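model.json follows; it contains JSON, N, CA, C and O atoms.
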[["chain", "number", "residue", "atom", "x", "y", "z"],
["A", 1, "SER", "N", 13.97, -0.36, 24.21],
["A", 1, "SER", "CA", 13.71, 0.88, 24.91],
["A", 1, "SER", "C", 14.82, 1.88, 24.60],
["A", 1, "SER", "O", 15.94, 1.49, 24.28],
["A", 2, "TYR", "N", 14.47, 3.15, 24.73],
["A", 2, "TYR", "CA", 15.45, 4.19, 24.47],
["A", 2, "TYR", "C", 15.01, 5.47, 25.16],
["A", 2, "TYR", "O", 13.88, 5.94, 24.93],
["A", 3, "LYS", "N", 15.85, 5.99, 26.01],
["A", 3, "LYS", "CA", 15.60, 7.26, 26.71],
["A", 3, "LYS", "C", 14.25, 7.29, 27.43],
["A", 3, "LYS", "O", 13.54, 8.29, 27.39],
["A", 4, "GLY", "N", 13.86, 6.18, 28.02],
["A", 4, "GLY", "CA", 12.63, 6.16, 28.80],
["A", 4, "GLY", "C", 11.38, 5.71, 28.07],
["A", 4, "GLY", "O", 10.34, 5.53, 28.69],
["A", 5, "LEU", "N", 11.46, 5.57, 26.75],
["A", 5, "LEU", "CA", 10.30, 5.05, 26.00],
["A", 5, "LEU", "C", 10.57, 3.57, 25.72],
["A", 5, "LEU", "O", 11.59, 3.20, 25.16],
["A", 6, "ASN", "N", 9.65, 2.74, 26.14],
["A", 6, "ASN", "CA", 9.77, 1.29, 25.99],
["A", 6, "ASN", "C", 8.67, 0.77, 25.09],
["A", 6, "ASN", "O", 7.59, 1.37, 25.02],
["A", 7, "TYR", "N", 8.92, -0.34, 24.45],
["A", 7, "TYR", "CA", 7.90, -0.93, 23.59],
["A", 7, "TYR", "C", 7.94, -2.44, 23.67],
["A", 7, "TYR", "O", 8.93, -3.04, 24.08],
["A", 8, "ARG", "N", 6.85, -3.04, 23.26],
["A", 8, "ARG", "CA", 6.74, -4.49, 23.20],
["A", 8, "ARG", "C", 5.77, -4.84, 22.09],
["A", 8, "ARG", "O", 4.72, -4.21, 21.96],
["A", 9, "VAL", "N", 6.14, -5.84, 21.28],
["A", 9, "VAL", "CA", 5.26, -6.36, 20.23],
["A", 9, "VAL", "C", 5.21, -7.87, 20.41],
["A", 9, "VAL", "O", 6.24, -8.54, 20.34],
["A", 10, "ASP", "N", 4.02, -8.39, 20.64],
["A", 10, "ASP", "CA", 3.84, -9.82, 20.86],
["A", 10, "ASP", "C", 2.93, -10.42, 19.79],
["A", 10, "ASP", "O", 1.89, -9.84, 19.48],
["A", 11, "PRO", "N", 3.31, -11.58, 19.25],
["A", 11, "PRO", "CA", 2.38, -12.29, 18.37],
["A", 11, "PRO", "C", 1.33, -13.00, 19.24],
["A", 11, "PRO", "O", 1.67, -13.61, 20.26],
["A", 12, "ILE", "N", 0.08, -12.88, 18.87],
["A", 12, "ILE", "CA", -1.01, -13.50, 19.61],
["A", 12, "ILE", "C", -1.64, -14.57, 18.72],
["A", 12, "ILE", "O", -2.05, -14.29, 17.60],
["A", 13, "LYS", "N", -1.69, -15.79, 19.23],
["A", 13, "LYS", "CA", -2.29, -16.90, 18.47],
["A", 13, "LYS", "C", -3.81, -16.75, 18.46],
["A", 13, "LYS", "O", -4.41, -16.21, 19.38],
["A", 14, "SER", "N", -4.40, -17.27, 17.41],
["A", 14, "SER", "CA", -5.86, -17.22, 17.33],
["A", 14, "SER", "C", -6.48, -18.19, 18.33],
["A", 14, "SER", "O", -5.90, -19.23, 18.66],
["A", 15, "LYS", "N", -7.64, -17.81, 18.83],
["A", 15, "LYS", "CA", -8.43, -18.63, 19.74],
["A", 15, "LYS", "C", -9.87, -18.55, 19.27],
["A", 15, "LYS", "O", -10.64, -17.73, 19.77],
["A", 16, "PRO", "N", -10.23, -19.37, 18.29],
["A", 16, "PRO", "CA", -11.59, -19.30, 17.73],
["A", 16, "PRO", "C", -12.69, -19.43, 18.79],
["A", 16, "PRO", "O", -13.72, -18.78, 18.69],
["A", 17, "GLU", "N", -12.45, -20.25, 19.81],
["A", 17, "GLU", "CA", -13.47, -20.44, 20.84],
["A", 17, "GLU", "C", -13.72, -19.17, 21.65],
["A", 17, "GLU", "O", -14.77, -19.01, 22.26],
["A", 18, "GLU", "N", -12.75, -18.24, 21.63],
["A", 18, "GLU", "CA", -12.90, -16.97, 22.33],
["A", 18, "GLU", "C", -13.07, -15.81, 21.34],
["A", 18, "GLU", "O", -13.03, -14.65, 21.73],
["A", 19, "ASP", "N", -13.21, -16.14, 20.06],
["A", 19, "ASP", "CA", -13.39, -15.15, 18.99],
["A", 19, "ASP", "C", -12.21, -14.17, 18.91],
["A", 19, "ASP", "O", -12.39, -12.97, 18.74],
["A", 20, "ILE", "N", -11.00, -14.72, 19.06],
["A", 20, "ILE", "CA", -9.78, -13.93, 18.97],
["A", 20, "ILE", "C", -9.01, -14.37, 17.73],
["A", 20, "ILE", "O", -8.64, -15.53, 17.60],
["A", 21, "ALA", "N", -8.79, -13.43, 16.81],
["A", 21, "ALA", "CA", -8.01, -13.72, 15.60],
["A", 21, "ALA", "C", -6.52, -13.52, 15.88],
["A", 21, "ALA", "O", -6.14, -12.74, 16.76],
["A", 22, "ALA", "N", -5.68, -14.21, 15.15],
["A", 22, "ALA", "CA", -4.23, -14.05, 15.30],
["A", 22, "ALA", "C", -3.86, -12.61, 14.94],
["A", 22, "ALA", "O", -4.37, -12.04, 13.97],
["A", 23, "HIS", "N", -2.97, -12.02, 15.74],
["A", 23, "HIS", "CA", -2.57, -10.63, 15.50],
["A", 23, "HIS", "C", -1.29, -10.31, 16.27],
["A", 23, "HIS", "O", -0.83, -11.11, 17.08],
["A", 24, "PHE", "N", -0.72, -9.15, 15.99],
["A", 24, "PHE", "CA", 0.35, -8.59, 16.80],
["A", 24, "PHE", "C", -0.29, -7.62, 17.78],
["A", 24, "PHE", "O", -1.11, -6.80, 17.39],
["A", 25, "ALA", "N", 0.11, -7.69, 19.04],
["A", 25, "ALA", "CA", -0.32, -6.73, 20.04],
["A", 25, "ALA", "C", 0.90, -5.88, 20.38],
["A", 25, "ALA", "O", 1.95, -6.40, 20.75],
["A", 26, "ALA", "N", 0.77, -4.57, 20.22],
["A", 26, "ALA", "CA", 1.89, -3.66, 20.47],
["A", 26, "ALA", "C", 1.52, -2.68, 21.56],
["A", 26, "ALA", "O", 0.36, -2.29, 21.71],
["A", 27, "CYS", "N", 2.51, -2.29, 22.35],
["A", 27, "CYS", "CA", 2.29, -1.29, 23.39],
["A", 27, "CYS", "C", 3.56, -0.50, 23.63],
["A", 27, "CYS", "O", 4.66, -0.96, 23.33],
["A", 28, "VAL", "N", 3.39, 0.70, 24.13],
["A", 28, "VAL", "CA", 4.51, 1.54, 24.55],
["A", 28, "VAL", "C", 4.21, 2.08, 25.94],
["A", 28, "VAL", "O", 3.06, 2.27, 26.31],
["A", 29, "TRP", "N", 5.28, 2.26, 26.72],
["A", 29, "TRP", "CA", 5.14, 2.83, 28.05],
["A", 29, "TRP", "C", 6.39, 3.62, 28.38],
["A", 29, "TRP", "O", 7.42, 3.50, 27.74],
["A", 30, "LEU", "N", 6.27, 4.45, 29.40],
["A", 30, "LEU", "CA", 7.36, 5.33, 29.80],
["A", 30, "LEU", "C", 7.95, 4.86, 31.12],
["A", 30, "LEU", "O", 7.26, 4.26, 31.94],
["A", 31, "GLY", "N", 9.22, 5.14, 31.33],
["A", 31, "GLY", "CA", 9.86, 4.87, 32.60],
["A", 31, "GLY", "C", 10.77, 3.66, 32.59],
["A", 31, "GLY", "O", 10.99, 3.03, 31.56],
["A", 32, "GLU", "N", 11.26, 3.34, 33.77],
["A", 32, "GLU", "CA", 12.25, 2.28, 33.91],
["A", 32, "GLU", "C", 11.65, 0.94, 34.33],
["A", 32, "GLU", "O", 12.38, -0.05, 34.42],
["A", 33, "LYS", "N", 10.38, 0.91, 34.62],
["A", 33, "LYS", "CA", 9.75, -0.33, 35.07],
["A", 33, "LYS", "C", 9.40, -1.23, 33.89],
["A", 33, "LYS", "O", 9.25, -0.77, 32.76],
["A", 34, "CYS", "N", 9.22, -2.51, 34.19],
["A", 34, "CYS", "CA", 8.82, -3.46, 33.15],
["A", 34, "CYS", "C", 7.37, -3.21, 32.74],
["A", 34, "CYS", "O", 6.63, -2.50, 33.42],
["A", 35, "SER", "N", 6.96, -3.83, 31.66],
["A", 35, "SER", "CA", 5.61, -3.60, 31.13],
["A", 35, "SER", "C", 4.53, -4.04, 32.13],
["A", 35, "SER", "O", 3.48, -3.41, 32.22],
["A", 36, "GLU", "N", 4.79, -5.11, 32.87],
["A", 36, "GLU", "CA", 3.79, -5.60, 33.81],
["A", 36, "GLU", "C", 3.52, -4.62, 34.95],
["A", 36, "GLU", "O", 2.45, -4.64, 35.55],
["A", 37, "LEU", "N", 4.50, -3.77, 35.27],
["A", 37, "LEU", "CA", 4.36, -2.83, 36.38],
["A", 37, "LEU", "C", 4.10, -1.41, 35.94],
["A", 37, "LEU", "O", 4.06, -0.49, 36.76],
["A", 38, "SER", "N", 3.89, -1.21, 34.64],
["A", 38, "SER", "CA", 3.73, 0.14, 34.10],
["A", 38, "SER", "C", 2.36, 0.34, 33.50],
["A", 38, "SER", "O", 1.68, -0.62, 33.10],
["A", 39, "GLU", "N", 1.97, 1.60, 33.42],
["A", 39, "GLU", "CA", 0.74, 1.97, 32.73],
["A", 39, "GLU", "C", 1.10, 2.20, 31.26],
["A", 39, "GLU", "O", 2.06, 2.91, 30.95],
["A", 40, "MET", "N", 0.33, 1.61, 30.36],
["A", 40, "MET", "CA", 0.63, 1.74, 28.94],
["A", 40, "MET", "C", 0.26, 3.14, 28.45],
["A", 40, "MET", "O", -0.81, 3.66, 28.77],
["A", 41, "ALA", "N", 1.17, 3.75, 27.71],
["A", 41, "ALA", "CA", 0.91, 5.07, 27.12],
["A", 41, "ALA", "C", 0.06, 4.92, 25.86],
["A", 41, "ALA", "O", -0.73, 5.80, 25.52],
["A", 42, "ALA", "N", 0.23, 3.80, 25.15],
["A", 42, "ALA", "CA", -0.54, 3.55, 23.93],
["A", 42, "ALA", "C", -0.49, 2.05, 23.61],
["A", 42, "ALA", "O", 0.49, 1.38, 23.93],
["A", 43, "THR", "N", -1.56, 1.56, 23.00],
["A", 43, "THR", "CA", -1.61, 0.17, 22.55],
["A", 43, "THR", "C", -2.22, 0.12, 21.16],
["A", 43, "THR", "O", -2.96, 1.03, 20.75],
["A", 44, "ALA", "N", -1.90, -0.94, 20.44],
["A", 44, "ALA", "CA", -2.46, -1.12, 19.09],
["A", 44, "ALA", "C", -2.39, -2.59, 18.72],
["A", 44, "ALA", "O", -1.62, -3.36, 19.31],
["A", 45, "GLN", "N", -3.20, -2.98, 17.74],
["A", 45, "GLN", "CA", -3.19, -4.34, 17.22],
["A", 45, "GLN", "C", -3.02, -4.29, 15.71],
["A", 45, "GLN", "O", -3.54, -3.37, 15.06],
["A", 46, "PHE", "N", -2.32, -5.30, 15.18],
["A", 46, "PHE", "CA", -2.04, -5.37, 13.75],
["A", 46, "PHE", "C", -2.19, -6.80, 13.27],
["A", 46, "PHE", "O", -1.98, -7.74, 14.05],
["A", 47, "PRO", "N", -2.54, -7.00, 12.00],
["A", 47, "PRO", "CA", -2.66, -8.35, 11.46],
["A", 47, "PRO", "C", -1.35, -9.13, 11.62],
["A", 47, "PRO", "O", -0.26, -8.55, 11.56],
["A", 48, "LEU", "N", -1.47, -10.41, 11.84],
["A", 48, "LEU", "CA", -0.29, -11.26, 12.02],
["A", 48, "LEU", "C", 0.22, -11.72, 10.66],
["A", 48, "LEU", "O", 0.04, -12.87, 10.25],
["A", 49, "ASP", "N", 0.82, -10.77, 9.94],
["A", 49, "ASP", "CA", 1.42, -11.06, 8.64],
["A", 49, "ASP", "C", 2.51, -10.02, 8.37],
["A", 49, "ASP", "O", 2.77, -9.16, 9.21],
["A", 50, "VAL", "N", 3.15, -10.12, 7.23],
["A", 50, "VAL", "CA", 4.25, -9.22, 6.90],
["A", 50, "VAL", "C", 3.78, -7.76, 6.88],
["A", 50, "VAL", "O", 4.47, -6.87, 7.39],
["A", 51, "ASP", "N", 2.62, -7.51, 6.30],
["A", 51, "ASP", "CA", 2.10, -6.13, 6.26],
["A", 51, "ASP", "C", 1.78, -5.62, 7.67],
["A", 51, "ASP", "O", 2.00, -4.45, 7.98],
["A", 52, "GLY", "N", 1.26, -6.51, 8.50],
["A", 52, "GLY", "CA", 0.95, -6.12, 9.88],
["A", 52, "GLY", "C", 2.22, -5.79, 10.66],
["A", 52, "GLY", "O", 2.24, -4.85, 11.45],
["A", 53, "LEU", "N", 3.28, -6.54, 10.42],
["A", 53, "LEU", "CA", 4.55, -6.26, 11.08],
["A", 53, "LEU", "C", 5.10, -4.91, 10.63],
["A", 53, "LEU", "O", 5.59, -4.12, 11.44],
["A", 54, "ALA", "N", 5.00, -4.63, 9.33],
["A", 54, "ALA", "CA", 5.45, -3.33, 8.81],
["A", 54, "ALA", "C", 4.61, -2.19, 9.40],
["A", 54, "ALA", "O", 5.15, -1.13, 9.75],
["A", 55, "ALA", "N", 3.30, -2.42, 9.55],
["A", 55, "ALA", "CA", 2.43, -1.40, 10.14],
["A", 55, "ALA", "C", 2.78, -1.19, 11.62],
["A", 55, "ALA", "O", 2.76, -0.05, 12.10],
["A", 56, "ALA", "N", 3.12, -2.25, 12.32],
["A", 56, "ALA", "CA", 3.52, -2.12, 13.72],
["A", 56, "ALA", "C", 4.80, -1.30, 13.83],
["A", 56, "ALA", "O", 4.92, -0.44, 14.70],
["A", 57, "GLU", "N", 5.74, -1.55, 12.94],
["A", 57, "GLU", "CA", 6.98, -0.78, 12.95],
["A", 57, "GLU", "C", 6.71, 0.70, 12.68],
["A", 57, "GLU", "O", 7.25, 1.58, 13.36],
["A", 58, "GLU", "N", 5.84, 0.98, 11.73],
["A", 58, "GLU", "CA", 5.48, 2.37, 11.41],
["A", 58, "GLU", "C", 4.80, 3.04, 12.62],
["A", 58, "GLU", "O", 5.08, 4.19, 12.94],
["A", 59, "TRP", "N", 3.92, 2.31, 13.27],
["A", 59, "TRP", "CA", 3.23, 2.83, 14.45],
["A", 59, "TRP", "C", 4.24, 3.15, 15.55],
["A", 59, "TRP", "O", 4.15, 4.20, 16.19],
["A", 60, "LEU", "N", 5.20, 2.25, 15.78],
["A", 60, "LEU", "CA", 6.21, 2.48, 16.81],
["A", 60, "LEU", "C", 7.06, 3.72, 16.49],
["A", 60, "LEU", "O", 7.39, 4.50, 17.38],
["A", 61, "ARG", "N", 7.39, 3.90, 15.21],
["A", 61, "ARG", "CA", 8.16, 5.09, 14.82],
["A", 61, "ARG", "C", 7.35, 6.37, 15.09],
["A", 61, "ARG", "O", 7.88, 7.37, 15.56],
["A", 62, "ALA", "N", 6.05, 6.32, 14.81],
["A", 62, "ALA", "CA", 5.18, 7.47, 15.07],
["A", 62, "ALA", "C", 5.09, 7.74, 16.58],
["A", 62, "ALA", "O", 5.10, 8.90, 17.01],
["A", 63, "GLU", "N", 4.99, 6.69, 17.37],
["A", 63, "GLU", "CA", 4.96, 6.85, 18.82],
["A", 63, "GLU", "C", 6.26, 7.47, 19.31],
["A", 63, "GLU", "O", 6.26, 8.33, 20.19],
["A", 64, "TRP", "N", 7.39, 7.05, 18.75],
["A", 64, "TRP", "CA", 8.68, 7.60, 19.13],
["A", 64, "TRP", "C", 8.74, 9.10, 18.79],
["A", 64, "TRP", "O", 9.18, 9.90, 19.61],
["A", 65, "LYS", "N", 8.28, 9.46, 17.59],
["A", 65, "LYS", "CA", 8.30, 10.87, 17.19],
["A", 65, "LYS", "C", 7.45, 11.72, 18.13],
["A", 65, "LYS", "O", 7.83, 12.82, 18.50],
["A", 66, "ALA", "N", 6.29, 11.21, 18.51],
["A", 66, "ALA", "CA", 5.41, 11.94, 19.44],
["A", 66, "ALA", "C", 6.08, 12.08, 20.80],
["A", 66, "ALA", "O", 6.05, 13.14, 21.43],
["A", 67, "PHE", "N", 6.74, 11.03, 21.27],
["A", 67, "PHE", "CA", 7.45, 11.06, 22.55],
["A", 67, "PHE", "C", 8.60, 12.06, 22.49],
["A", 67, "PHE", "O", 8.81, 12.83, 23.42],
["A", 68, "GLU", "N", 9.32, 12.04, 21.39],
["A", 68, "GLU", "CA", 10.46, 12.92, 21.22],
["A", 68, "GLU", "C", 10.04, 14.40, 21.26],
["A", 68, "GLU", "O", 10.70, 15.23, 21.87],
["A", 69, "LYS", "N", 8.89, 14.72, 20.65],
["A", 69, "LYS", "CA", 8.38, 16.10, 20.66],
["A", 69, "LYS", "C", 8.00, 16.52, 22.07],
["A", 69, "LYS", "O", 8.25, 17.66, 22.46],
["A", 70, "GLU", "N", 7.37, 15.62, 22.83],
["A", 70, "GLU", "CA", 6.98, 15.93, 24.21],
["A", 70, "GLU", "C", 8.19, 16.12, 25.10],
["A", 70, "GLU", "O", 8.15, 16.88, 26.05],
["A", 71, "ASP", "N", 9.27, 15.40, 24.79],
["A", 71, "ASP", "CA", 10.46, 15.42, 25.62],
["A", 71, "ASP", "C", 11.28, 16.70, 25.43],
["A", 71, "ASP", "O", 12.12, 17.03, 26.24],
["A", 72, "MET", "N", 11.03, 17.45, 24.37],
["A", 72, "MET", "CA", 11.82, 18.65, 24.08],
["A", 72, "MET", "C", 11.44, 19.81, 24.94],
["A", 72, "MET", "O", 10.54, 20.04, 25.50]]

Show how you would write the structure in this file as structure tokens.
Amino acid sequence: SYKGLNYRVDPIKSKPEEDIAAHFAACVWLGEKCSELSEMAATAQFPLDVDGLAAAEEWLRAEWKAFEKEDM
């Protein structure tokens, strides 16, 4: 987190019986509360591989830039 913008990226295991593929789940939220007590400002999913991790990082940077513009 930094200056009120928080993020979380979790690896999600596949669950074929529930038709869930392995992936990264990413979210950002504002404020001082933990993710469980906050409303998510944005969420995204990415493949659970090196490219997916790079895409998640790029997405987080874009979210930060958008937050920074709003904060000005």

Point (-0.2, 1.2, 14.5), cut-off 9 Å, counting only C-alpha atoms, residues as a PyMOL selection string: chain A and resi 26+43-46+52+55-60+62-63

- prompt: Among chain A, which residues carry a DSSP assignment of strand (DSSP E or B), reported as a list in words?
  reply: Tyr2, Leu5, Asn6, Tyr7, Arg8, Val9, Asp10, Pro11, Ile12, Lys15, Ile20, His23, Phe24, Ala25, Ala26, Cys27, Val28, Trp29, Leu30, Met40, Ala41, Ala42, Thr43, Ala44, Gln45, Phe46 and Pro47 of chain A

- prompt: Looking only at the backbone, which of the residues in chain A does DSSP tag as helix (DSSP H, G or I), as a PyMOL selection string?
  reply: chain A and resi 16-18+35-37+50-71

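Atom to atom, atom CA of Ser38 of chain A and atom N of Asp19 of chain A stand 27.4 Å apart.
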
Applying 6 Å and all atoms listed in the file, which residues near Ala22 of chain A remain after dropping the ones on its own chain fewer than 2 positions away? List them as a CSV table (one decimal) with N, CA, C and O atoms, in the frame of the given file.
chain,number,residue,atom,x,y,z
A,12,ILE,N,0.1,-12.9,18.9
A,12,ILE,CA,-1.0,-13.5,19.6
A,12,ILE,C,-1.6,-14.6,18.7
A,12,ILE,O,-2.0,-14.3,17.6
A,13,LYS,N,-1.7,-15.8,19.2
A,13,LYS,CA,-2.3,-16.9,18.5
A,13,LYS,C,-3.8,-16.8,18.5
A,13,LYS,O,-4.4,-16.2,19.4
A,14,SER,N,-4.4,-17.3,17.4
A,14,SER,CA,-5.9,-17.2,17.3
A,14,SER,C,-6.5,-18.2,18.3
A,14,SER,O,-5.9,-19.2,18.7
A,15,LYS,N,-7.6,-17.8,18.8
A,15,LYS,CA,-8.4,-18.6,19.7
A,15,LYS,C,-9.9,-18.6,19.3
A,15,LYS,O,-10.6,-17.7,19.8
A,20,ILE,N,-11.0,-14.7,19.1
A,20,ILE,CA,-9.8,-13.9,19.0
A,20,ILE,C,-9.0,-14.4,17.7
A,20,ILE,O,-8.6,-15.5,17.6
A,24,PHE,N,-0.7,-9.2,16.0
A,24,PHE,CA,0.4,-8.6,16.8
A,24,PHE,C,-0.3,-7.6,17.8
A,24,PHE,O,-1.1,-6.8,17.4
A,46,PHE,N,-2.3,-5.3,15.2
A,46,PHE,CA,-2.0,-5.4,13.8
A,46,PHE,C,-2.2,-6.8,13.3
A,46,PHE,O,-2.0,-7.7,14.0
A,47,PRO,N,-2.5,-7.0,12.0
A,47,PRO,CA,-2.7,-8.4,11.5
A,47,PRO,C,-1.4,-9.1,11.6
A,47,PRO,O,-0.3,-8.6,11.6
A,48,LEU,N,-1.5,-10.4,11.8
A,48,LEU,CA,-0.3,-11.3,12.0
A,48,LEU,C,0.2,-11.7,10.7
A,48,LEU,O,0.0,-12.9,10.2
